[in-house]
Amino acid sequence: MNAPGYFSPATGHLQQAADFPILARKIRGKRLVYLDNGATTQKPTSVIDAERDFYRDANANIHRGVHSLSQHATDLYEAGRERVRSFLNAGRSEEIVFTRGTTEAINLVAVSWGRTQLKPGDEIILSGMEHHSNIVPWQLIGEQTGAVLRVVPISDRGELDMEAYGKLLGPRTRLVAVAHVSNALGTVNPIAEIVRQAHAAGAKVLVDGAQAVAHQAVDVQALGCDFYVFSGHKLYGPTGIGALYARYELLSAMPPWQGGGDMIRTVSFERTTYADIPQRFEAGTPNIAGVIGLAAAIDYVQGLGMDRIAAHEQAILAYGTDALARLPGLRLIGTAHDKAGILSFVVEGIHPHDLGTILDTEGIAIRAGHHCAMPVMTRYGIPGTARASLALYNDERDIDALVAGILKAQTMFGKGGKHE
Ligand code: PMP
């Protein structure tokens with residue numbers, strides 16, 4: 001892939017919508033303006049082809065077969081692990097465990113690490129902007145172990161109160177679980193600093209990277225975190241595949257969380273011994289084609305360059321922030337200094353769901369609701385927001401369409417001011 005060819009010489013912007021066949025679709029006769037990338041991204045042809053080609057040419061079960069196809073499938077699967085390792089800049093490929101996605105990876109850590117490490121009165125610090133999947137697994141494990149949750153408050157702009165965080169950390173803190181990027185607010189959290197303070201207090205850190213990995217380069221060694229989790233489908237890859245990075249010393253000391261084939265060394269009715277990491281955490285036949293699709297997605301974004309993707313999205317975010325701020329009656333929710341490409345907002349007098357429905361008639365896909373982050377909505381005293389979330393294929397035209405759609409909705413609801 002020739003990365004420079006993907007940039008418009010005129011604007012310096014990425015020009016690769018053609019790589020994503022679905023973007024040529026019409027919705028209700030209109031050009032599809034896809035701004036729901038926080039929920040899931042569209043897939044480039046290379047990812048779609050990689051999955052199809054695997055099933056056409058290389059399908060077999062992995063790790064157990066003596067025949068050529070099985071060995072080839074195993075090689076492709078393990079090459080995918082190495083691709084994830086280098087994508088996150090982890091030190092060793094054994095530190096990468098494939099999961100169904102972010103949610104399953106967090107549950108793995110909660111069950112395997114949490115159940116064995118947490119005692120009554122131990123504390124888990126979460127932030128006030130976590131997705132439900134980085135809240136509920138800790139509540140479940142808290143109910144079983146007696147560990148309790150502490151929550152770092154967020155400011156009006158949607159930034160973590162780092163002073164409060166410093167005060168919450170203490171001798172009872174065992175784990176800090178925090179989003180790298182908030183899906184509801186777009187805030188990019190200062191992970192390296194969060195990790196530094198947590199480690200000084202003797203606590204481990206899990207980072208939910210679901211909204212980060214597609215938008216900026218991630219280096220788990222530079223961040224210093226103990227666990228990092230993400231989903232392939234938010235990174236232009238398939239659904240049903242994601243990964244957990246866990247530091248070698250931690251992961252090799254963790255017990256299995258699911259039992260079955262492929263995770264054992266020996267089994268008898270008296271006693272079972274377990275496989276080394278990472279196989280110990282991959283019971284049963286995994287999503288082999290998903291790993292191959294994920295590897296193709298990583299190749300795709302790395303071919304373009306994560307830094308260039310980040311620069312492009314930041315330019316569109318700035319353009320969109322400016323355009324939305326000029327709309328009367330519109331309030332942006334989440335105005336952190338360090339933000340990723342998420343525009344969450346409420347429009348006076350129009351319920352987010354109504355806005356989403358009207359925008360859909362214009363071919364514009366956004367998300368409306370609490371975005372699986374109900375505590376954030378409670379914090380701002382709102383039932384939900386409308387959220388436009390960006391990907392590398394969005395451009396100014398998409399923002400212009402969004403603005404026109406909001407103005408149309410305001411006219412329909414009789415709330416229309418003039419676009420200043
Ligand atoms: N964390 C964050 C910050 C998210 O945005 C999401 C998906 N919306 C998740 C976790 C859960 O990801 P998945 O559903 O792919 O497991």
# chains A, B, ... in the order shown; residues from 1 in each chain; ligands from 1
$ residues_near_ligand --ligand "ligand 1" --cutoff "8 Å" --atoms "only C-alpha atoms and all ligand atoms" --output "PyMOL selection string"
chain A and resi 38-40+100-105+130-134+179-184+208-211+230-234+239-240+242+371-372
$ write_last_selection --atoms "N, CA, C and O atoms" --output "tab-separated table (two decimals), in the first residue's frame"
chain	number	residue	atom	x	y	z
A	38	GLY	N	-17.77	5.50	16.59
A	38	GLY	CA	-17.52	5.11	17.97
A	38	GLY	C	-18.21	3.79	18.29
A	38	GLY	O	-17.75	3.01	19.13
A	39	ALA	N	-19.34	3.54	17.61
A	39	ALA	CA	-20.06	2.28	17.82
A	39	ALA	C	-19.36	1.16	17.06
A	39	ALA	O	-19.06	0.11	17.62
A	40	THR	N	-19.14	1.38	15.78
A	40	THR	CA	-18.31	0.46	15.00
A	40	THR	C	-17.88	1.16	13.73
A	40	THR	O	-18.62	2.00	13.21
A	100	ARG	N	-13.16	-11.89	22.52
A	100	ARG	CA	-14.24	-11.44	21.64
A	100	ARG	C	-14.21	-9.94	21.43
A	100	ARG	O	-14.82	-9.41	20.53
A	101	GLY	N	-13.56	-9.24	22.33
A	101	GLY	CA	-13.52	-7.78	22.23
A	101	GLY	C	-13.15	-7.17	23.56
A	101	GLY	O	-12.68	-7.87	24.48
A	102	THR	N	-13.36	-5.87	23.67
A	102	THR	CA	-13.02	-5.14	24.89
A	102	THR	C	-13.76	-5.71	26.10
A	102	THR	O	-13.17	-5.95	27.16
A	103	THR	N	-15.06	-5.92	25.93
A	103	THR	CA	-15.88	-6.38	27.05
A	103	THR	C	-15.37	-7.69	27.60
A	103	THR	O	-15.20	-7.85	28.82
A	104	GLU	N	-15.10	-8.64	26.71
A	104	GLU	CA	-14.63	-9.93	27.19
A	104	GLU	C	-13.25	-9.82	27.83
A	104	GLU	O	-12.95	-10.49	28.82
A	105	ALA	N	-12.40	-8.95	27.27
A	105	ALA	CA	-11.05	-8.80	27.83
A	105	ALA	C	-11.11	-8.24	29.26
A	105	ALA	O	-10.36	-8.69	30.15
A	130	GLU	N	-16.45	6.09	32.60
A	130	GLU	CA	-16.28	4.74	32.04
A	130	GLU	C	-17.52	4.25	31.30
A	130	GLU	O	-18.65	4.54	31.67
A	131	HIS	N	-17.27	3.46	30.28
A	131	HIS	CA	-18.30	2.68	29.59
A	131	HIS	C	-18.79	1.60	30.57
A	131	HIS	O	-18.02	1.14	31.41
A	132	HIS	N	-20.04	1.20	30.42
A	132	HIS	CA	-20.58	0.19	31.34
A	132	HIS	C	-19.71	-1.07	31.39
A	132	HIS	O	-19.65	-1.75	32.40
A	133	SER	N	-19.03	-1.36	30.28
A	133	SER	CA	-18.22	-2.59	30.28
A	133	SER	C	-16.95	-2.45	31.12
A	133	SER	O	-16.28	-3.45	31.37
A	134	ASN	N	-16.63	-1.23	31.54
A	134	ASN	CA	-15.52	-1.07	32.49
A	134	ASN	C	-16.04	-0.66	33.87
A	134	ASN	O	-15.31	-0.11	34.68
A	179	ALA	N	-10.65	4.52	31.02
A	179	ALA	CA	-10.67	4.60	29.55
A	179	ALA	C	-9.52	5.45	29.05
A	179	ALA	O	-9.21	6.48	29.64
A	180	HIS	N	-8.92	5.02	27.96
A	180	HIS	CA	-7.90	5.85	27.31
A	180	HIS	C	-8.60	7.06	26.69
A	180	HIS	O	-8.18	8.20	26.87
A	181	VAL	N	-9.70	6.76	25.96
A	181	VAL	CA	-10.53	7.82	25.37
A	181	VAL	C	-11.98	7.54	25.74
A	181	VAL	O	-12.44	6.41	25.59
A	182	SER	N	-12.69	8.57	26.21
A	182	SER	CA	-14.09	8.40	26.58
A	182	SER	C	-14.98	8.33	25.35
A	182	SER	O	-14.92	9.22	24.49
A	183	ASN	N	-15.84	7.32	25.28
A	183	ASN	CA	-16.73	7.19	24.12
A	183	ASN	C	-17.85	8.20	24.15
A	183	ASN	O	-18.43	8.52	23.12
A	184	ALA	N	-18.19	8.73	25.32
A	184	ALA	CA	-19.30	9.67	25.42
A	184	ALA	C	-18.84	11.11	25.29
A	184	ALA	O	-19.61	11.98	24.86
A	208	ASP	N	-8.81	0.84	29.13
A	208	ASP	CA	-9.80	0.48	28.12
A	208	ASP	C	-9.50	1.31	26.87
A	208	ASP	O	-9.80	2.50	26.82
A	209	GLY	N	-8.90	0.64	25.89
A	209	GLY	CA	-8.47	1.35	24.68
A	209	GLY	C	-9.46	1.28	23.53
A	209	GLY	O	-9.11	1.60	22.40
A	210	ALA	N	-10.72	0.89	23.83
A	210	ALA	CA	-11.70	0.68	22.75
A	210	ALA	C	-11.81	1.88	21.81
A	210	ALA	O	-11.91	1.72	20.60
A	211	GLN	N	-11.77	3.09	22.38
A	211	GLN	CA	-11.96	4.28	21.54
A	211	GLN	C	-10.63	4.94	21.18
A	211	GLN	O	-10.62	6.04	20.63
A	230	PHE	N	-8.77	-3.82	23.75
A	230	PHE	CA	-9.46	-3.14	22.64
A	230	PHE	C	-10.27	-4.13	21.81
A	230	PHE	O	-10.12	-5.35	21.96
A	231	SER	N	-11.13	-3.57	20.95
A	231	SER	CA	-11.98	-4.37	20.06
A	231	SER	C	-11.57	-4.15	18.61
A	231	SER	O	-11.36	-3.01	18.19
A	232	GLY	N	-11.54	-5.22	17.83
A	232	GLY	CA	-11.18	-5.09	16.42
A	232	GLY	C	-12.17	-4.29	15.60
A	232	GLY	O	-11.80	-3.57	14.68
A	233	HIS	N	-13.47	-4.39	15.96
A	233	HIS	CA	-14.48	-3.78	15.08
A	233	HIS	C	-14.49	-2.27	15.12
A	233	HIS	O	-15.09	-1.63	14.26
A	234	LYS	N	-13.84	-1.68	16.12
A	234	LYS	CA	-13.73	-0.21	16.15
A	234	LYS	C	-12.44	0.24	15.48
A	234	LYS	O	-12.11	1.42	15.45
A	239	THR	N	-16.11	-7.84	13.66
A	239	THR	CA	-16.72	-7.97	14.99
A	239	THR	C	-16.32	-9.31	15.59
A	239	THR	O	-15.89	-10.23	14.88
A	240	GLY	N	-16.46	-9.42	16.90
A	240	GLY	CA	-16.21	-10.72	17.56
A	240	GLY	C	-14.75	-11.03	17.78
A	240	GLY	O	-14.39	-12.18	18.07
A	242	GLY	N	-11.02	-9.23	19.51
A	242	GLY	CA	-10.35	-8.12	20.19
A	242	GLY	C	-9.17	-8.71	20.93
A	242	GLY	O	-8.85	-9.90	20.75
A	371	HIS	N	-25.05	6.10	25.37
A	371	HIS	CA	-23.77	5.55	24.88
A	371	HIS	C	-23.14	4.57	25.88
A	371	HIS	O	-21.92	4.51	26.01
A	372	CYS	N	-23.98	3.83	26.59
A	372	CYS	CA	-23.49	2.88	27.59
A	372	CYS	C	-22.58	3.56	28.61
A	372	CYS	O	-21.59	2.98	29.08
$ select_by_dssp --residues "range 162-331 of chain A" --states "helix (DSSP H, G or I)" --output "JSON, numbers by chain"
{"A": [162, 163, 164, 165, 166, 167, 168, 191, 192, 193, 194, 195, 196, 197, 198, 199, 200, 220, 221, 222, 223, 232, 233, 234, 248, 249, 250, 251, 252, 253, 279, 280, 281, 288, 289, 290, 291, 292, 293, 294, 295, 296, 297, 298, 299, 300, 301, 302, 303, 304, 306, 307, 308, 309, 310, 311, 312, 313, 314, 315, 316, 317, 318, 319, 320, 321, 322, 323, 324, 325]}
$ residues_around --residues "Ile292 in chain A" --least-positions-apart "2" --cutoff "12 Å" --atoms "only C-alpha atoms" --output "compact mmCIF listing (two decimals) with all heavy atoms, in the first residue's frame"
# COMPACT_ATOMS: atom_id res chain seq x y z
N SER A 46 -9.67 -4.60 1.98
CA SER A 46 -8.58 -5.53 2.34
C SER A 46 -8.97 -6.41 3.52
O SER A 46 -8.57 -7.58 3.59
CB SER A 46 -7.29 -4.75 2.65
OG SER A 46 -7.48 -3.88 3.73
N VAL A 47 -9.75 -5.87 4.46
CA VAL A 47 -10.19 -6.67 5.62
C VAL A 47 -11.26 -7.68 5.18
O VAL A 47 -11.21 -8.86 5.54
CB VAL A 47 -10.74 -5.74 6.73
CG1 VAL A 47 -11.46 -6.54 7.81
CG2 VAL A 47 -9.59 -4.94 7.34
N ILE A 48 -12.19 -7.20 4.37
CA ILE A 48 -13.27 -8.09 3.89
C ILE A 48 -12.65 -9.24 3.09
O ILE A 48 -13.00 -10.41 3.26
CB ILE A 48 -14.27 -7.28 3.02
CG1 ILE A 48 -14.92 -6.17 3.85
CG2 ILE A 48 -15.31 -8.19 2.39
CD1 ILE A 48 -15.65 -5.11 3.04
N ASP A 49 -11.68 -8.90 2.24
CA ASP A 49 -11.03 -9.92 1.41
C ASP A 49 -10.21 -10.90 2.25
O ASP A 49 -10.17 -12.09 1.95
CB ASP A 49 -10.12 -9.27 0.37
CG ASP A 49 -10.91 -8.61 -0.75
OD1 ASP A 49 -12.15 -8.74 -0.75
OD2 ASP A 49 -10.29 -7.95 -1.61
N ALA A 50 -9.56 -10.39 3.28
CA ALA A 50 -8.71 -11.27 4.10
C ALA A 50 -9.56 -12.35 4.76
O ALA A 50 -9.17 -13.53 4.79
CB ALA A 50 -7.96 -10.45 5.15
N GLU A 51 -10.73 -11.97 5.27
CA GLU A 51 -11.62 -12.97 5.90
C GLU A 51 -12.14 -13.94 4.86
O GLU A 51 -12.13 -15.15 5.06
CB GLU A 51 -12.81 -12.28 6.58
CG GLU A 51 -12.50 -11.86 7.99
CD GLU A 51 -13.71 -12.02 8.90
OE1 GLU A 51 -14.11 -13.16 9.21
OE2 GLU A 51 -14.26 -10.99 9.31
N ARG A 52 -12.58 -13.40 3.72
CA ARG A 52 -13.12 -14.26 2.66
C ARG A 52 -12.04 -15.23 2.16
O ARG A 52 -12.27 -16.43 2.02
CB ARG A 52 -13.64 -13.39 1.52
CG ARG A 52 -14.40 -14.16 0.46
CD ARG A 52 -14.39 -13.43 -0.85
NE ARG A 52 -13.02 -13.15 -1.27
CZ ARG A 52 -12.69 -12.32 -2.25
NH1 ARG A 52 -13.62 -11.67 -2.89
NH2 ARG A 52 -11.41 -12.13 -2.57
N ASP A 53 -10.84 -14.70 1.93
CA ASP A 53 -9.76 -15.54 1.39
C ASP A 53 -9.38 -16.65 2.37
O ASP A 53 -9.04 -17.76 1.97
CB ASP A 53 -8.52 -14.70 1.08
CG ASP A 53 -8.76 -13.77 -0.11
OD1 ASP A 53 -9.81 -13.92 -0.77
OD2 ASP A 53 -7.91 -12.89 -0.34
N PHE A 54 -9.45 -16.32 3.67
CA PHE A 54 -9.13 -17.36 4.65
C PHE A 54 -10.12 -18.52 4.52
O PHE A 54 -9.72 -19.69 4.46
CB PHE A 54 -9.16 -16.80 6.07
CG PHE A 54 -9.04 -17.88 7.11
CD1 PHE A 54 -7.83 -18.52 7.32
CD2 PHE A 54 -10.14 -18.29 7.85
CE1 PHE A 54 -7.71 -19.55 8.24
CE2 PHE A 54 -10.05 -19.32 8.77
CZ PHE A 54 -8.82 -19.95 8.97
N TYR A 55 -11.40 -18.20 4.43
CA TYR A 55 -12.40 -19.28 4.34
C TYR A 55 -12.31 -20.01 3.00
O TYR A 55 -12.54 -21.21 2.93
CB TYR A 55 -13.82 -18.72 4.54
CG TYR A 55 -14.13 -18.45 6.01
CD1 TYR A 55 -14.56 -17.21 6.43
CD2 TYR A 55 -14.01 -19.46 6.95
CE1 TYR A 55 -14.85 -16.97 7.77
CE2 TYR A 55 -14.29 -19.24 8.29
CZ TYR A 55 -14.72 -17.99 8.69
OH TYR A 55 -15.00 -17.76 10.02
N ALA A 58 -7.80 -21.28 3.11
CA ALA A 58 -6.91 -21.70 4.20
C ALA A 58 -7.63 -22.23 5.42
O ALA A 58 -7.01 -22.50 6.44
CB ALA A 58 -6.02 -20.52 4.60
N ASN A 59 -8.96 -22.39 5.35
CA ASN A 59 -9.71 -22.73 6.55
C ASN A 59 -9.37 -24.10 7.12
O ASN A 59 -9.40 -25.11 6.43
CB ASN A 59 -11.21 -22.69 6.26
CG ASN A 59 -12.02 -23.05 7.49
OD1 ASN A 59 -11.86 -22.42 8.53
ND2 ASN A 59 -12.85 -24.07 7.38
N ALA A 73 -3.11 -22.48 8.84
CA ALA A 73 -4.07 -21.65 9.60
C ALA A 73 -3.45 -21.21 10.93
O ALA A 73 -3.60 -20.06 11.36
CB ALA A 73 -5.37 -22.43 9.83
N THR A 74 -2.72 -22.14 11.56
CA THR A 74 -2.06 -21.80 12.83
C THR A 74 -1.03 -20.69 12.62
O THR A 74 -0.94 -19.74 13.40
CB THR A 74 -1.37 -23.05 13.42
OG1 THR A 74 -2.34 -24.08 13.56
CG2 THR A 74 -0.75 -22.75 14.79
N ASP A 75 -0.27 -20.81 11.53
CA ASP A 75 0.74 -19.77 11.24
C ASP A 75 0.08 -18.41 11.04
O ASP A 75 0.57 -17.39 11.53
CB ASP A 75 1.54 -20.14 9.97
CG ASP A 75 2.46 -21.33 10.22
OD1 ASP A 75 2.66 -21.69 11.40
OD2 ASP A 75 2.96 -21.91 9.23
N LEU A 76 -1.03 -18.40 10.30
CA LEU A 76 -1.73 -17.13 10.05
C LEU A 76 -2.25 -16.54 11.37
O LEU A 76 -2.13 -15.33 11.62
CB LEU A 76 -2.90 -17.33 9.09
CG LEU A 76 -2.56 -17.66 7.64
CD1 LEU A 76 -3.83 -18.01 6.86
CD2 LEU A 76 -1.83 -16.50 6.97
N TYR A 77 -2.81 -17.40 12.21
CA TYR A 77 -3.37 -16.96 13.49
C TYR A 77 -2.26 -16.40 14.38
O TYR A 77 -2.40 -15.31 14.95
CB TYR A 77 -4.04 -18.17 14.16
CG TYR A 77 -4.71 -17.89 15.50
CD1 TYR A 77 -6.00 -17.37 15.55
CD2 TYR A 77 -4.06 -18.18 16.70
CE1 TYR A 77 -6.63 -17.15 16.76
CE2 TYR A 77 -4.68 -17.96 17.91
CZ TYR A 77 -5.97 -17.45 17.94
OH TYR A 77 -6.58 -17.22 19.15
N GLU A 78 -1.15 -17.11 14.47
CA GLU A 78 -0.05 -16.63 15.33
C GLU A 78 0.63 -15.40 14.73
O GLU A 78 1.13 -14.55 15.47
CB GLU A 78 0.94 -17.76 15.61
CG GLU A 78 0.37 -18.87 16.51
CD GLU A 78 -0.15 -18.36 17.86
OE1 GLU A 78 0.39 -17.38 18.40
OE2 GLU A 78 -1.14 -18.95 18.36
N ALA A 79 0.61 -15.29 13.40
CA ALA A 79 1.14 -14.06 12.78
C ALA A 79 0.25 -12.87 13.17
O ALA A 79 0.73 -11.75 13.34
CB ALA A 79 1.19 -14.21 11.26
N GLY A 80 -1.05 -13.14 13.32
CA GLY A 80 -1.98 -12.08 13.77
C GLY A 80 -1.63 -11.62 15.18
O GLY A 80 -1.68 -10.43 15.50
N ARG A 81 -1.24 -12.55 16.02
CA ARG A 81 -0.86 -12.19 17.39
C ARG A 81 0.39 -11.28 17.36
O ARG A 81 0.47 -10.29 18.07
CB ARG A 81 -0.57 -13.46 18.20
CG ARG A 81 -0.51 -13.19 19.71
CD ARG A 81 -0.06 -14.41 20.51
NE ARG A 81 -0.76 -15.64 20.23
CZ ARG A 81 -1.94 -16.00 20.74
NH1 ARG A 81 -2.55 -15.21 21.58
NH2 ARG A 81 -2.49 -17.16 20.43
N GLU A 82 1.32 -11.66 16.52
CA GLU A 82 2.54 -10.85 16.40
C GLU A 82 2.21 -9.45 15.87
O GLU A 82 2.80 -8.45 16.30
CB GLU A 82 3.54 -11.58 15.48
CG GLU A 82 4.76 -10.80 15.07
CD GLU A 82 5.57 -10.22 16.24
OE1 GLU A 82 5.51 -10.77 17.37
OE2 GLU A 82 6.26 -9.20 16.02
N ARG A 83 1.21 -9.38 14.97
CA ARG A 83 0.81 -8.07 14.43
C ARG A 83 0.21 -7.21 15.54
O ARG A 83 0.49 -6.01 15.62
CB ARG A 83 -0.23 -8.31 13.34
CG ARG A 83 -0.20 -7.33 12.25
CD ARG A 83 0.91 -7.52 11.24
NE ARG A 83 0.34 -7.95 9.99
CZ ARG A 83 0.36 -9.20 9.56
NH1 ARG A 83 0.96 -10.12 10.27
NH2 ARG A 83 -0.19 -9.51 8.42
N VAL A 84 -0.59 -7.80 16.41
CA VAL A 84 -1.17 -7.03 17.52
C VAL A 84 -0.06 -6.61 18.49
O VAL A 84 -0.03 -5.48 18.97
CB VAL A 84 -2.26 -7.85 18.27
CG1 VAL A 84 -2.73 -7.13 19.53
CG2 VAL A 84 -3.43 -8.13 17.35
N PHE A 98 -6.16 -13.25 22.59
CA PHE A 98 -7.32 -12.88 21.77
C PHE A 98 -8.61 -13.13 22.56
O PHE A 98 -8.75 -14.15 23.25
CB PHE A 98 -7.33 -13.67 20.46
CG PHE A 98 -6.29 -13.16 19.49
CD1 PHE A 98 -5.26 -13.98 19.07
CD2 PHE A 98 -6.34 -11.85 19.03
CE1 PHE A 98 -4.30 -13.50 18.19
CE2 PHE A 98 -5.38 -11.36 18.15
CZ PHE A 98 -4.36 -12.18 17.73
N GLY A 232 -11.54 -5.22 17.83
CA GLY A 232 -11.18 -5.09 16.42
C GLY A 232 -12.17 -4.29 15.60
O GLY A 232 -11.80 -3.57 14.68
N GLY A 237 -11.68 -3.52 11.75
CA GLY A 237 -11.59 -4.97 11.67
C GLY A 237 -12.96 -5.60 11.90
O GLY A 237 -13.98 -4.92 12.05
N PRO A 238 -13.00 -6.95 11.96
CA PRO A 238 -14.26 -7.66 12.13
C PRO A 238 -14.84 -7.53 13.55
O PRO A 238 -14.11 -7.20 14.49
CB PRO A 238 -13.88 -9.13 11.87
CG PRO A 238 -12.48 -9.12 11.36
CD PRO A 238 -11.85 -7.85 11.81
N THR A 239 -16.11 -7.84 13.66
CA THR A 239 -16.72 -7.97 14.99
C THR A 239 -16.32 -9.31 15.59
O THR A 239 -15.89 -10.23 14.88
CB THR A 239 -18.26 -7.90 14.92
OG1 THR A 239 -18.71 -8.82 13.94
CG2 THR A 239 -18.75 -6.51 14.57
N ILE A 241 -13.88 -10.02 17.61
CA ILE A 241 -12.46 -10.25 17.89
C ILE A 241 -11.88 -8.99 18.55
O ILE A 241 -12.25 -7.87 18.22
CB ILE A 241 -11.67 -10.61 16.61
CG1 ILE A 241 -10.24 -11.05 16.95
CG2 ILE A 241 -11.65 -9.45 15.62
CD1 ILE A 241 -10.15 -12.36 17.68
N GLY A 242 -11.02 -9.23 19.51
CA GLY A 242 -10.35 -8.12 20.19
C GLY A 242 -9.17 -8.71 20.93
O GLY A 242 -8.85 -9.90 20.75
N PRO A 286 -10.93 -20.56 18.67
CA PRO A 286 -11.10 -19.10 18.68
C PRO A 286 -11.65 -18.58 17.35
O PRO A 286 -11.90 -19.36 16.43
CB PRO A 286 -9.67 -18.61 18.89
CG PRO A 286 -8.82 -19.67 18.27
CD PRO A 286 -9.56 -20.97 18.41
N ASN A 287 -11.81 -17.28 17.28
CA ASN A 287 -12.28 -16.63 16.06
C ASN A 287 -11.09 -16.46 15.10
O ASN A 287 -10.50 -15.39 15.01
CB ASN A 287 -12.91 -15.28 16.42
CG ASN A 287 -13.51 -14.59 15.21
OD1 ASN A 287 -13.38 -15.06 14.08
ND2 ASN A 287 -14.16 -13.47 15.44
N ILE A 288 -10.77 -17.55 14.42
CA ILE A 288 -9.55 -17.58 13.59
C ILE A 288 -9.66 -16.55 12.46
O ILE A 288 -8.75 -15.73 12.25
CB ILE A 288 -9.32 -18.99 13.01
CG1 ILE A 288 -9.32 -20.03 14.14
CG2 ILE A 288 -8.01 -19.05 12.23
CD1 ILE A 288 -9.49 -21.47 13.66
N ALA A 289 -10.78 -16.59 11.75
CA ALA A 289 -10.95 -15.64 10.65
C ALA A 289 -10.95 -14.20 11.16
O ALA A 289 -10.47 -13.28 10.49
CB ALA A 289 -12.25 -15.93 9.91
N GLY A 290 -11.47 -14.02 12.38
CA GLY A 290 -11.47 -12.69 12.98
C GLY A 290 -10.06 -12.17 13.22
O GLY A 290 -9.76 -11.00 12.98
N LEU A 294 -8.48 -8.95 11.63
CA LEU A 294 -7.89 -7.92 12.50
C LEU A 294 -6.47 -7.58 12.04
O LEU A 294 -6.07 -6.41 12.00
CB LEU A 294 -7.91 -8.39 13.96
CG LEU A 294 -7.20 -7.49 14.97
CD1 LEU A 294 -7.84 -6.09 14.99
CD2 LEU A 294 -7.28 -8.10 16.38
N ALA A 295 -5.72 -8.62 11.69
CA ALA A 295 -4.34 -8.38 11.21
C ALA A 295 -4.37 -7.52 9.95
O ALA A 295 -3.55 -6.60 9.79
CB ALA A 295 -3.64 -9.71 10.94
N ALA A 296 -5.34 -7.79 9.06
CA ALA A 296 -5.45 -6.98 7.83
C ALA A 296 -5.82 -5.54 8.17
O ALA A 296 -5.34 -4.59 7.52
CB ALA A 296 -6.49 -7.60 6.90
N ALA A 297 -6.65 -5.37 9.19
CA ALA A 297 -7.05 -4.00 9.60
C ALA A 297 -5.83 -3.25 10.15
O ALA A 297 -5.63 -2.06 9.86
CB ALA A 297 -8.16 -4.08 10.65
N ILE A 298 -5.02 -3.95 10.92
CA ILE A 298 -3.81 -3.31 11.47
C ILE A 298 -2.86 -2.94 10.32
O ILE A 298 -2.31 -1.84 10.29
CB ILE A 298 -3.14 -4.24 12.51
CG1 ILE A 298 -4.01 -4.30 13.76
CG2 ILE A 298 -1.72 -3.76 12.85
CD1 ILE A 298 -3.55 -5.29 14.81
N ASP A 299 -2.72 -3.85 9.36
CA ASP A 299 -1.88 -3.53 8.19
C ASP A 299 -2.41 -2.28 7.49
O ASP A 299 -1.64 -1.42 7.05
CB ASP A 299 -1.88 -4.69 7.18
CG ASP A 299 -1.03 -5.85 7.67
OD1 ASP A 299 -0.30 -5.68 8.66
OD2 ASP A 299 -1.11 -6.93 7.05
$ select_by_dssp --residues "range 50-221 of chain A" --states "strand (DSSP E or B)" --output "ChimeraX atom specification"
/A:96-99,123-127,148-152,154,160,173-179,181,187-188,204-208
$ atom_distance --atom1 "CA of Ala391 in chain A" --atom2 "CA of Ala192 in chain A"
24.6 Å
$ residues_around --residues "Ile154 in chain A" --least-positions-apart "2" --cutoff "12 Å" --atoms "only C-alpha atoms" --output "PyMOL selection string"
chain A and resi 126-130+151-152+156-165+182+185+187+189+334-336+375-380
$ residues_around --residues "range 88-90 of chain A" --least-positions-apart "6" --cutoff "8 Å" --atoms "only C-alpha atoms" --output "list of chain:residue names"
A:Ala217, A:Val218, A:Asp219, A:Val220, A:Gln221, A:Tyr245
$ write_last_selection --atoms "N, CA, C and O atoms" --output "PDB file, in the first residue's frame"
ATOM      1  N   ALA A 217      -1.533   6.452  17.760  1.00  0.00           N
ATOM      2  CA  ALA A 217      -0.603   5.352  18.004  1.00  0.00           C
ATOM      3  C   ALA A 217      -0.614   5.034  19.496  1.00  0.00           C
ATOM      4  O   ALA A 217      -0.648   5.936  20.330  1.00  0.00           O
ATOM      5  N   VAL A 218      -0.630   3.737  19.828  1.00  0.00           N
ATOM      6  CA  VAL A 218      -0.619   3.324  21.229  1.00  0.00           C
ATOM      7  C   VAL A 218       0.646   2.501  21.494  1.00  0.00           C
ATOM      8  O   VAL A 218       0.970   1.601  20.725  1.00  0.00           O
ATOM      9  N   ASP A 219       1.319   2.837  22.576  1.00  0.00           N
ATOM     10  CA  ASP A 219       2.548   2.137  22.951  1.00  0.00           C
ATOM     11  C   ASP A 219       2.406   1.741  24.421  1.00  0.00           C
ATOM     12  O   ASP A 219       2.555   2.575  25.321  1.00  0.00           O
ATOM     13  N   VAL A 220       2.090   0.464  24.653  1.00  0.00           N
ATOM     14  CA  VAL A 220       1.795   0.055  26.027  1.00  0.00           C
ATOM     15  C   VAL A 220       3.023   0.153  26.935  1.00  0.00           C
ATOM     16  O   VAL A 220       2.888   0.377  28.141  1.00  0.00           O
ATOM     17  N   GLN A 221       4.206   0.025  26.332  1.00  0.00           N
ATOM     18  CA  GLN A 221       5.409   0.135  27.173  1.00  0.00           C
ATOM     19  C   GLN A 221       5.641   1.586  27.580  1.00  0.00           C
ATOM     20  O   GLN A 221       6.028   1.870  28.720  1.00  0.00           O
ATOM     21  N   TYR A 245      -3.861  -7.057  26.203  1.00  0.00           N
ATOM     22  CA  TYR A 245      -2.427  -7.054  26.490  1.00  0.00           C
ATOM     23  C   TYR A 245      -2.298  -7.104  28.006  1.00  0.00           C
ATOM     24  O   TYR A 245      -2.987  -6.353  28.719  1.00  0.00           O
TER      25      TYR A 245
END
$ atom_distance --atom1 "CA of Gly369 in chain A" --atom2 "CA of Phe413 in chain A"
19.1 Å
$ atom_distance --atom1 "CA of Arg85 in chain A" --atom2 "CA of Tyr236 in chain A"
17.4 Å
$ residues_around --residues "Arg387 in chain A" --least-positions-apart "4" --cutoff "8 Å" --atoms "only C-alpha atoms" --output "ChimeraX atom specification"
/A:36,184,342-345,366-368
$ closest_residue --among "A:Asp338, A:Leu402, A:Thr173, A:Thr145" --to "Ile191 in chain A" --atoms "only C-alpha atoms"
A:Asp338
